[in-house]
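model.txt follows (compact mmCIF, C-alpha atoms):
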# COMPACT_ATOMS: atom_id res chain seq x y z
CA MET A 23 89.30 86.79 37.09
CA GLN A 24 90.82 87.45 40.46
CA GLN A 25 89.56 85.93 43.61
CA LYS A 26 89.17 87.95 46.77
CA GLN A 27 90.82 86.50 49.81
CA GLN A 28 88.63 86.10 52.81
CA PRO A 29 90.12 87.64 55.97
CA HIS A 30 91.26 85.01 58.37
CA ILE A 31 90.19 85.06 61.99
CA ILE A 32 93.86 85.26 63.00
CA ASP A 33 94.23 88.60 61.20
CA VAL A 34 91.26 90.03 63.08
CA ILE A 35 92.48 88.69 66.43
CA PHE A 36 95.95 90.12 65.80
CA VAL A 37 94.56 93.61 65.08
CA LEU A 38 92.29 93.46 68.13
CA ALA A 39 95.16 92.27 70.34
CA LEU A 40 97.40 95.05 69.07
CA PHE A 41 94.68 97.64 69.72
CA GLY A 42 94.06 96.16 73.20
CA ALA A 43 97.78 96.34 74.06
CA PHE A 44 97.89 99.97 72.89
CA ALA A 45 94.77 100.89 74.93
CA PHE A 46 96.12 99.10 78.03
CA SER A 47 99.48 100.91 77.72
CA ALA A 48 97.75 104.27 77.32
CA VAL A 49 95.58 103.71 80.42
CA MET A 50 98.58 102.60 82.49
CA LEU A 51 100.54 105.65 81.36
CA ILE A 52 97.68 107.94 82.41
CA ILE A 53 97.39 106.25 85.81
CA ALA A 54 101.15 106.50 86.40
CA GLY A 55 101.17 110.15 85.34
CA SER A 56 98.28 111.03 87.64
CA THR A 57 100.00 109.34 90.60
CA ILE A 58 103.22 111.25 89.94
CA TYR A 59 101.26 114.49 89.56
CA ARG A 60 99.36 113.90 92.84
CA ASN A 61 102.62 113.17 94.72
CA THR A 62 104.24 116.29 93.26
CA ILE A 63 101.31 118.47 94.32
CA ASN A 64 101.35 117.00 97.85
CA ASN A 65 105.10 117.63 98.15
CA MET A 66 104.73 121.18 96.87
CA GLN A 67 101.92 121.87 99.37
CA SER A 68 103.97 120.45 102.24
CA ASN A 69 107.03 122.50 101.22
CA PHE A 70 104.89 125.62 100.89
CA GLU A 71 103.44 125.22 104.40
CA THR A 72 106.85 124.46 105.88
CA ARG A 73 108.63 127.34 104.18
CA THR A 74 105.84 129.86 104.71
CA SER A 75 105.65 129.41 108.47
CA SER A 76 109.46 129.36 108.84
CA SER A 77 109.95 132.43 106.65
CA TYR A 78 107.13 134.31 108.31
CA ILE A 79 108.46 133.81 111.83
CA SER A 80 112.04 134.54 110.75
CA GLU A 81 111.03 137.78 109.07
CA LYS A 82 108.96 138.97 112.04
CA LEU A 83 111.90 138.43 114.40
CA ARG A 84 114.35 140.06 112.00
CA GLN A 85 112.21 143.19 111.76
CA GLY A 86 113.59 144.09 115.12
CA GLY A 87 112.31 144.89 118.52
CA GLU A 88 112.52 143.25 121.90
CA VAL A 89 111.61 139.56 121.81
CA ASP A 90 109.98 137.78 124.73
CA ILE A 91 108.72 134.24 124.97
CA LEU A 92 105.43 133.86 126.83
CA HIS A 93 103.29 130.82 127.58
CA SER A 94 99.54 130.28 127.38
CA ASP A 95 97.65 127.24 128.61
CA THR A 96 95.55 127.11 125.43
CA SER A 97 98.06 128.18 122.77
CA GLY A 98 101.40 127.01 124.19
CA ASP A 99 104.45 129.18 123.55
CA ILE A 100 103.91 132.71 122.29
CA ILE A 101 106.63 134.81 120.69
CA ALA A 102 106.16 138.51 121.44
CA VAL A 103 108.06 141.02 119.29
CA LYS A 104 107.74 144.41 121.01
CA ARG A 105 108.30 147.89 119.57
CA LEU A 106 107.80 151.48 120.61
CA VAL A 107 105.33 153.37 118.43
CA ASP A 108 104.60 156.99 119.40
CA LYS A 109 105.96 156.39 122.91
CA ARG A 110 103.66 153.41 123.43
CA GLU A 111 104.79 149.80 123.37
CA TYR A 112 103.06 147.46 120.94
CA ALA A 113 103.71 143.78 120.28
CA THR A 114 103.24 141.28 117.53
CA PHE A 115 102.31 137.96 119.13
CA LEU A 116 103.05 134.80 117.13
CA TYR A 117 101.53 131.54 118.35
CA CYS A 118 99.92 128.30 117.24
CA ARG A 119 96.17 127.90 117.76
CA ASP A 120 93.64 125.40 116.38
CA GLY A 121 96.12 124.04 113.82
CA TYR A 122 97.25 127.45 112.50
CA LEU A 123 100.13 129.84 112.98
CA CYS A 124 98.42 133.00 114.21
CA GLU A 125 99.48 136.62 114.59
CA LEU A 126 97.98 139.21 116.91
CA TYR A 127 99.11 142.84 116.90
CA SER A 128 98.15 144.67 120.07
CA ALA A 129 99.41 146.79 122.94
CA ALA A 130 102.28 144.97 124.64
CA ASP A 131 100.52 144.94 128.02
CA THR A 132 97.40 143.24 126.62
CA ASP A 133 96.03 140.38 128.69
CA LEU A 134 96.39 137.36 126.43
CA SER A 135 93.13 135.73 127.40
CA GLU A 136 91.37 132.99 125.45
CA GLY A 137 89.16 135.52 123.68
CA MET A 138 92.08 137.74 122.77
CA LEU A 139 94.10 134.86 121.30
CA ALA A 140 91.06 133.75 119.30
CA ALA A 141 91.09 137.17 117.59
CA GLY A 142 94.50 136.52 116.01
CA GLN A 143 94.89 136.37 112.24
CA LYS A 144 95.46 132.87 110.83
CA ILE A 145 98.61 132.82 108.71
CA THR A 146 99.23 129.21 107.65
CA GLU A 147 98.60 125.69 108.88
CA LEU A 148 100.85 124.59 111.75
CA SER A 149 100.46 121.84 114.37
CA SER A 150 102.64 123.28 117.11
CA LEU A 151 105.16 126.01 117.89
CA THR A 152 107.75 125.72 120.64
CA ALA A 153 110.12 128.59 121.38
CA LYS A 154 112.92 129.11 123.87
CA ALA A 155 115.91 131.36 124.37
CA THR A 156 119.24 129.55 124.24
CA ASP A 157 122.01 129.86 126.79
CA SER A 158 123.78 132.55 124.78
CA ASP A 159 120.69 134.78 125.25
CA THR A 160 121.15 136.19 121.75
CA VAL A 161 119.68 133.22 119.92
CA ILE A 162 116.11 132.03 119.98
CA GLU A 163 115.25 128.45 119.04
CA VAL A 164 111.87 127.82 117.42
CA LEU A 165 110.57 124.31 116.68
CA LEU A 166 107.68 124.08 114.21
CA LYS A 167 105.66 120.91 113.65
CA HIS A 168 103.33 120.51 110.69
CA ASP A 169 100.34 118.25 110.03
CA SER A 170 102.32 116.45 107.34
CA GLY A 171 104.83 115.32 109.98
CA ALA A 172 107.53 117.72 108.84
CA GLN A 173 109.46 119.60 111.50
CA ASN A 174 111.52 122.77 111.23
CA ARG A 175 114.02 123.97 113.77
CA LEU A 176 114.96 127.62 113.46
CA LEU A 177 117.88 129.22 115.24
CA LEU A 178 117.51 132.96 114.91
CA SER A 179 120.18 135.32 116.15
CA ASN A 180 120.79 139.06 116.42
CA TYR A 181 117.51 139.83 118.07
CA ARG A 182 117.22 142.33 120.88
CA ARG A 183 116.21 140.93 124.24

Written form, structure tokens:
Amino acid sequence: MQQKQQPHIIDVIFVLALFGAFAFSAVMLIIAGSTIYRNTINNMQSNFETRTSSSYISEKLRQGGEVDILHSDTSGDIIAVKRLVDKREYATFLYCRDGYLCELYSAADTDLSEGMLAAGQKITELSSLTAKATDSDTVIEVLLKHDSGAQNRLLLSNYRR
């Protein structure tokens, strides 16, 4: 007759320790993966905001028309891209207001009051917009600051002034 061997406590402890090490490794891997995923999403969001505002302003200026830089006490610098439509001058005003890049399309001679600027369409998040014409008078410099701390400096040429 054969005798059954009783399991030793060491065998049980070894199996439990092995399972514990596996579970701990799995949890640490999940935590590391979620941290990497969160950082990737934050970077993608920051890049999206940065690229969207830069591309939007670049495209509006490249569409043509006379470009003027105006100033408002509440919204800072305003880029006005003017065009003639049916013998009347209209402008697309680009400015930063309440943490957003905004666009307002209106008659070029519109009084840019507080109420009028509040009516602008929010495009994307943006902390501040600074614009100025350079010495060459054919290049406009635009500095964009974002909530994430990122800054973009655009030098756009070939615009009509």

Distance criterion (all atoms listed in the file): nearest to A:Glu125 out of A:Ile145, A:Ile52, A:Ala45, A:Ala140: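 The closest residue to A:Glu125 is A:Ile145.
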
Separation of atom CA of A:His168 from atom CA of A:Ser150, in Å and rounded to one decimal: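 It comes out at 7.0 Å.
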
Which residue gives the smallest distance to A:Gly87 among A:Ala102, A:Ile32, A:Ala153, A:Val164, with all atoms listed in the file counted?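 Selected residue with least distance to A:Gly87: A:Ala102.
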
Within 8 Å of stretch 170-178 of chain A, which residues of stretch 38-121 of chain A show up? Give each one with its shortest atom-to-atom distance in Å (one decimal) and the two atoms involved, counting all atoms listed in the file, rows by chain then rising residue number, as CSV.
residue,atom,partner,partner_atom,distance
A:Ser68,CA,A:Ser170,CA,6.7
A:Thr72,CA,A:Asn174,CA,7.3
A:Ser76,CA,A:Asn174,CA,7.3
A:Ser80,CA,A:Leu178,CA,7.1
A:Leu83,CA,A:Leu178,CA,7.9

Option closest in space to A:Met138, from A:Tyr122, A:Phe115, A:Phe36, A:Tyr78 [counting all atoms listed in the file]: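 Closest residue, counting all atoms listed in the file: A:Phe115.
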
Find, counting all atoms listed in the file, the residue in A:Phe46, A:Phe70, A:Tyr127, A:Tyr112 that gets nearest to A:Leu148.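 Closest to A:Leu148 of all the choices is A:Phe70.
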
Supply stretch 29-52 of chain A as an mmCIF file, in the frame of the given file, with N, CA and C atoms built in where the input has gaps.
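Writing done, so here's result25.cif:
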data_model
loop_
_atom_site.group_PDB
_atom_site.id
_atom_site.type_symbol
_atom_site.label_atom_id
_atom_site.label_comp_id
_atom_site.auth_asym_id
_atom_site.auth_seq_id
_atom_site.Cartn_x
_atom_site.Cartn_y
_atom_site.Cartn_z
ATOM 1 N N PRO A 29 89.247 87.412 54.822
ATOM 2 C CA PRO A 29 90.120 87.640 55.970
ATOM 3 C C PRO A 29 90.045 86.462 56.930
ATOM 4 N N HIS A 30 91.203 86.101 57.401
ATOM 5 C CA HIS A 30 91.260 85.010 58.370
ATOM 6 C C HIS A 30 90.974 85.545 59.765
ATOM 7 N N ILE A 31 90.493 84.690 60.599
ATOM 8 C CA ILE A 31 90.190 85.060 61.990
ATOM 9 C C ILE A 31 91.455 85.475 62.730
ATOM 10 N N ILE A 32 92.584 84.926 62.359
ATOM 11 C CA ILE A 32 93.860 85.260 63.000
ATOM 12 C C ILE A 32 94.212 86.710 62.725
ATOM 13 N N ASP A 33 93.956 87.202 61.528
ATOM 14 C CA ASP A 33 94.230 88.600 61.200
ATOM 15 C C ASP A 33 93.401 89.530 62.073
ATOM 16 N N VAL A 34 92.145 89.208 62.244
ATOM 17 C CA VAL A 34 91.260 90.030 63.080
ATOM 18 C C VAL A 34 91.701 89.995 64.533
ATOM 19 N N ILE A 35 92.030 88.818 65.025
ATOM 20 C CA ILE A 35 92.480 88.690 66.430
ATOM 21 C C ILE A 35 93.777 89.454 66.642
ATOM 22 N N PHE A 36 94.692 89.389 65.678
ATOM 23 C CA PHE A 36 95.950 90.120 65.800
ATOM 24 C C PHE A 36 95.721 91.626 65.900
ATOM 25 N N VAL A 37 94.862 92.170 65.056
ATOM 26 C CA VAL A 37 94.560 93.610 65.080
ATOM 27 C C VAL A 37 93.904 93.987 66.398
ATOM 28 N N LEU A 38 92.953 93.183 66.849
ATOM 29 C CA LEU A 38 92.290 93.460 68.130
ATOM 30 C C LEU A 38 93.269 93.371 69.298
ATOM 31 N N ALA A 39 94.155 92.400 69.277
ATOM 32 C CA ALA A 39 95.160 92.270 70.340
ATOM 33 C C ALA A 39 96.102 93.457 70.342
ATOM 34 N N LEU A 40 96.512 93.889 69.175
ATOM 35 C CA LEU A 40 97.400 95.050 69.070
ATOM 36 C C LEU A 40 96.695 96.305 69.593
ATOM 37 N N PHE A 41 95.438 96.492 69.216
ATOM 38 C CA PHE A 41 94.680 97.640 69.720
ATOM 39 C C PHE A 41 94.496 97.544 71.242
ATOM 40 N N GLY A 42 94.217 96.356 71.749
ATOM 41 C CA GLY A 42 94.060 96.160 73.200
ATOM 42 C C GLY A 42 95.351 96.481 73.956
ATOM 43 N N ALA A 43 96.488 96.052 73.417
ATOM 44 C CA ALA A 43 97.780 96.340 74.060
ATOM 45 C C ALA A 43 98.037 97.848 74.061
ATOM 46 N N PHE A 44 97.716 98.510 72.953
ATOM 47 C CA PHE A 44 97.890 99.970 72.890
ATOM 48 C C PHE A 44 96.987 100.668 73.914
ATOM 49 N N ALA A 45 95.716 100.273 73.985
ATOM 50 C CA ALA A 45 94.770 100.890 74.930
ATOM 51 C C ALA A 45 95.216 100.646 76.368
ATOM 52 N N PHE A 46 95.649 99.426 76.677
ATOM 53 C CA PHE A 46 96.120 99.100 78.030
ATOM 54 C C PHE A 46 97.339 99.949 78.395
ATOM 55 N N SER A 47 98.283 100.084 77.479
ATOM 56 C CA SER A 47 99.480 100.910 77.720
ATOM 57 C C SER A 47 99.105 102.368 77.949
ATOM 58 N N ALA A 48 98.167 102.870 77.170
ATOM 59 C CA ALA A 48 97.750 104.270 77.320
ATOM 60 C C ALA A 48 97.098 104.497 78.679
ATOM 61 N N VAL A 49 96.232 103.573 79.111
ATOM 62 C CA VAL A 49 95.580 103.710 80.420
ATOM 63 C C VAL A 49 96.605 103.635 81.544
ATOM 64 N N MET A 50 97.551 102.720 81.455
ATOM 65 C CA MET A 50 98.580 102.600 82.490
ATOM 66 C C MET A 50 99.460 103.845 82.548
ATOM 67 N N LEU A 51 99.755 104.417 81.403
ATOM 68 C CA LEU A 51 100.540 105.650 81.360
ATOM 69 C C LEU A 51 99.786 106.795 82.022
ATOM 70 N N ILE A 52 98.499 106.893 81.780
ATOM 71 C CA ILE A 52 97.680 107.940 82.410
ATOM 72 C C ILE A 52 97.619 107.751 83.914
#
